[in-house]
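Colleague: What follows is query.txt, compact mmCIF, C-alpha atoms and all ligand atoms.
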```txt
# COMPACT_ATOMS: atom_id res chain seq x y z
CA MET M 1 -34.66 126.22 151.20
CA VAL M 2 -34.38 123.43 148.67
CA GLN M 3 -33.00 125.79 146.06
CA GLY M 4 -30.46 127.11 148.51
CA SER M 5 -29.08 123.66 149.32
CA ALA M 6 -29.05 122.70 145.65
CA ALA M 7 -27.02 125.81 144.90
CA LEU M 8 -24.63 124.93 147.72
CA LEU M 9 -24.29 121.40 146.37
CA LEU M 10 -23.61 122.67 142.85
CA GLY M 11 -21.10 125.11 144.28
CA SER M 12 -19.21 122.37 146.09
CA VAL M 13 -19.21 120.14 143.03
CA ALA M 14 -17.81 122.95 140.90
CA PHE M 15 -15.23 123.73 143.57
CA SER M 16 -14.01 120.16 143.95
CA GLY M 17 -13.96 119.86 140.15
CA THR M 18 -11.59 122.80 139.97
CA VAL M 19 -9.33 121.45 142.67
CA ALA M 20 -9.28 117.93 141.27
CA ALA M 21 -8.87 118.93 137.64
CA GLN M 22 -6.52 116.00 137.11
CA SER M 23 -8.94 113.35 138.33
CA VAL M 24 -11.07 112.59 135.31
CA GLY M 25 -14.18 110.48 135.61
CA ALA M 26 -14.56 107.15 133.86
CA GLU M 27 -15.68 106.93 130.23
CA HIS M 28 -18.56 104.74 129.10
CA ARG M 29 -19.35 104.01 125.47
CA VAL M 30 -22.89 103.47 124.20
CA GLN M 31 -23.25 102.19 120.65
CA MET M 32 -26.10 103.23 118.38
CA LEU M 33 -27.10 100.10 116.52
CA ASN M 34 -29.53 98.81 113.91
CA LYS M 35 -29.59 95.53 115.82
CA ASP M 36 -28.25 94.77 119.29
CA GLY M 37 -26.62 91.62 120.66
CA GLU M 38 -30.00 90.15 121.48
CA GLY M 39 -31.41 90.76 118.02
CA ARG M 40 -33.57 93.76 118.95
CA ARG M 41 -33.79 96.33 116.18
CA MET M 42 -32.83 100.01 116.61
CA GLN M 43 -31.14 100.02 119.99
CA PHE M 44 -28.61 101.69 122.20
CA GLU M 45 -26.15 99.21 123.67
CA PRO M 46 -25.86 99.13 126.58
CA ALA M 47 -29.26 100.80 126.86
CA PHE M 48 -28.93 101.05 130.65
CA LEU M 49 -25.87 102.46 132.38
CA ARG M 50 -25.14 103.18 136.02
CA ILE M 51 -22.27 105.61 136.33
CA ALA M 52 -20.63 107.80 138.96
CA PRO M 53 -21.14 111.58 139.05
CA GLY M 54 -18.54 113.18 136.80
CA ASP M 55 -18.29 110.20 134.46
CA THR M 56 -18.57 110.73 130.72
CA VAL M 57 -20.81 108.85 128.30
CA ILE M 58 -19.80 108.68 124.65
CA PHE M 59 -22.49 107.85 122.09
CA VAL M 60 -20.90 106.05 119.17
CA PRO M 61 -22.57 105.98 115.71
CA THR M 62 -21.58 102.38 115.00
CA ASP M 63 -24.49 102.11 112.57
CA LYS M 64 -25.76 105.03 110.51
CA GLY M 65 -28.97 106.99 110.90
CA HIS M 66 -29.10 107.45 114.66
CA ASN M 67 -28.62 110.20 117.20
CA SER M 68 -28.78 110.61 120.96
CA GLU M 69 -30.68 113.34 122.73
CA ILE M 70 -32.19 113.85 126.15
CA ILE M 71 -35.96 113.42 126.46
CA ALA M 72 -37.57 116.59 127.83
CA ASP M 73 -38.65 116.31 131.49
CA MET M 74 -36.80 113.00 131.92
CA LEU M 75 -33.68 114.21 133.70
CA PRO M 76 -32.86 115.44 137.20
CA ALA M 77 -33.13 119.13 138.10
CA GLY M 78 -29.93 120.85 137.10
CA GLY M 79 -28.87 117.89 134.97
CA GLU M 80 -26.97 118.18 131.74
CA THR M 81 -28.96 118.06 128.51
CA TRP M 82 -27.67 117.03 125.11
CA LYS M 83 -28.81 116.73 121.52
CA GLY M 84 -26.56 114.99 119.03
CA LYS M 85 -26.94 115.25 115.30
CA ILE M 86 -27.64 112.18 113.17
CA ASN M 87 -24.45 110.08 112.85
CA GLU M 88 -22.68 112.32 115.35
CA GLU M 89 -20.44 110.90 118.05
CA ILE M 90 -21.08 113.00 121.13
CA SER M 91 -19.86 112.81 124.68
CA VAL M 92 -21.63 114.14 127.73
CA THR M 93 -20.29 114.46 131.27
CA LEU M 94 -22.98 113.99 133.88
CA ILE M 95 -22.51 115.51 137.30
CA ALA M 96 -25.99 115.93 138.80
CA GLU M 97 -27.18 112.66 140.32
CA GLY M 98 -30.40 111.10 139.11
CA LEU M 99 -31.98 109.40 136.11
CA TYR M 100 -31.47 110.60 132.54
CA ALA M 101 -33.64 109.17 129.76
CA TYR M 102 -32.64 109.76 126.17
CA LYS M 103 -33.82 108.82 122.70
CA CYS M 104 -32.85 108.44 119.10
CA LEU M 105 -35.16 110.92 117.39
CA PRO M 106 -35.76 108.97 114.12
CA HIS M 107 -36.48 105.74 116.01
CA PHE M 108 -38.20 107.05 119.15
CA GLY M 109 -41.49 105.53 118.00
CA MET M 110 -39.76 102.17 117.51
CA GLY M 111 -38.57 102.19 121.10
CA MET M 112 -34.97 103.36 120.65
CA VAL M 113 -34.41 104.83 124.10
CA GLY M 114 -31.82 104.55 126.83
CA LEU M 115 -31.49 105.25 130.53
CA ILE M 116 -28.52 106.45 132.57
CA GLN M 117 -28.45 106.36 136.35
CA VAL M 118 -25.93 108.77 137.82
CA GLY M 119 -25.08 107.97 141.43
CA GLY M 120 -27.68 106.66 143.85
CA ASP M 121 -30.35 109.36 143.67
CA THR M 122 -33.49 107.99 141.99
CA SER M 123 -35.86 110.68 143.24
CA ASN M 124 -36.88 111.73 139.71
CA LEU M 125 -38.12 108.21 138.87
CA GLN M 126 -41.78 109.07 139.32
CA ALA M 127 -41.52 112.19 137.17
CA LEU M 128 -39.81 110.08 134.55
CA GLN M 129 -42.57 107.45 134.64
CA GLU M 130 -45.26 110.09 134.35
CA THR M 131 -43.78 111.63 131.19
CA LYS M 132 -45.71 110.66 128.08
CA ILE M 133 -43.61 108.92 125.43
CA PRO M 134 -44.61 106.67 122.48
CA PRO M 135 -45.92 103.19 123.48
CA LYS M 136 -42.92 101.16 122.27
CA ALA M 137 -40.54 103.62 123.88
CA ALA M 138 -42.52 103.35 127.12
CA ASP M 139 -42.34 99.54 127.00
CA ARG M 140 -38.57 99.63 126.49
CA MET M 141 -38.18 102.25 129.23
CA LYS M 142 -40.03 99.96 131.67
CA GLU M 143 -37.45 97.24 130.98
CA LEU M 144 -34.61 99.67 131.58
CA ILE M 145 -36.17 100.98 134.80
CA GLN M 146 -36.03 97.40 136.12
CA GLN M 147 -32.24 97.68 136.01
CA ILE M 148 -32.06 100.69 138.33
CA GLY M 149 -29.96 99.75 141.32
CU CU I 201 -31.99 105.31 115.84
```
Would you encode the structure as structure tokens?
Ligand SMILES: [Cu+2]

Modeller:
Amino acid sequence: MVQGSAALLLGSVAFSGTVAAQSVGAEHRVQMLNKDGEGRRMQFEPAFLRIAPGDTVIFVPTDKGHNSEIIADMLPAGGETWKGKINEEISVTLIAEGLYAYKCLPHFGMGMVGLIQVGGDTSNLQALQETKIPPKAADRMKELIQQIG
């Protein structure tokens, strides 16, 4: 039942995407930084984004030694996953609504994490909160969760 409606939803998204090939979603840039505007070390900026389904997020290696990759089990069902290499600029287009948490692998333990809210569906919040991540990453994630709208 649930799977059937999800498949229908995915089908309609794919269909409208084909029809509206010219209407491209907005682009959002997230910098990977050794220090952010508030003086925090090893950060994504902005670390929280709310975007529309179909928008694209570009991770920019402004400072060296960082990457961006999804955190396992911290994305909506059917959501896009990604894993950038160190110093790699990558872009990801997110269609499935929900919450996507990501990390910088070398600085995960230092709390270098980010959160993207796609659309208004926050139903995977509890699953996200129940996923074990390092203490500093969990503290930072709690701050970002406060920004969910
Ligand atoms: Cu990093």

Colleague: Could you list the protein, DNA and RNA residues that have any atom within 7 Å of ligand CU 201 (chain I), counting only C-alpha atoms and all ligand atoms, and write them as a list of chain:residue names?

Modeller: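 Checked against 7 Å with only C-alpha atoms and all ligand atoms; the hits are M:Met32, M:Met42, M:Gln43, M:Gly65, M:His66, M:Asn67, M:Cys104, M:Leu105, M:Pro106, M:His107, M:Met112.
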
Colleague: Excluding region 68-84 of chain M and residues on its chain fewer than 6 positions from it, collect all residues at most 10 Å away from it, counting only C-alpha atoms, and give them as a ChimeraX atom specification.

Modeller: /M:6-7,10,30,32,44,58-61,90-106,108,112-118,121-133

Colleague: Report, in Å to a single decimal, how far apart CA of Asp55 (chain M) and CA of Gly119 (chain M) are.

Modeller: 10.0 Å

Colleague: Could you state the separation of CA of Ile145 (chain M) and CA of Val57 (chain M) in Å, given to one decimal place?

Modeller: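 It comes out at 18.4 Å.
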
Colleague: Measuring atom to atom with all atoms listed in the file, identify which of M:Met110, M:Ile86, M:Ala52, M:Met141 is nearest to Arg40 (chain M).

Modeller: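 Between M:Met110, M:Ile86, M:Ala52, M:Met141, the residue approaching Arg40 (chain M) most closely is M:Met110.
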
Colleague: Using all atoms listed in the file, find the one residue out of M:Gly111, M:Pro46, M:Gly25, M:Gly54 that sits nearest to Pro135 (chain M).

Modeller: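 Among the listed residues, M:Gly111 lies closest to Pro135 (chain M).
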
Colleague: Distance CA of Arg41 (chain M)-CA of Glu27 (chain M), one decimal place?

Modeller: 25.3 Å

Colleague: Centre and edge lengths, as lines of an AutoDock Vina configuration file, for the axis-aligned box enclosing every listed atom of region 62-80 of chain M with 5 Å of padding on each of the six sides, in Å to one decimal?

Modeller:
```
center_x = -30.1
center_y = 111.5
center_z = 124.3
size_x = 27.1
size_y = 28.7
size_z = 37.6
```
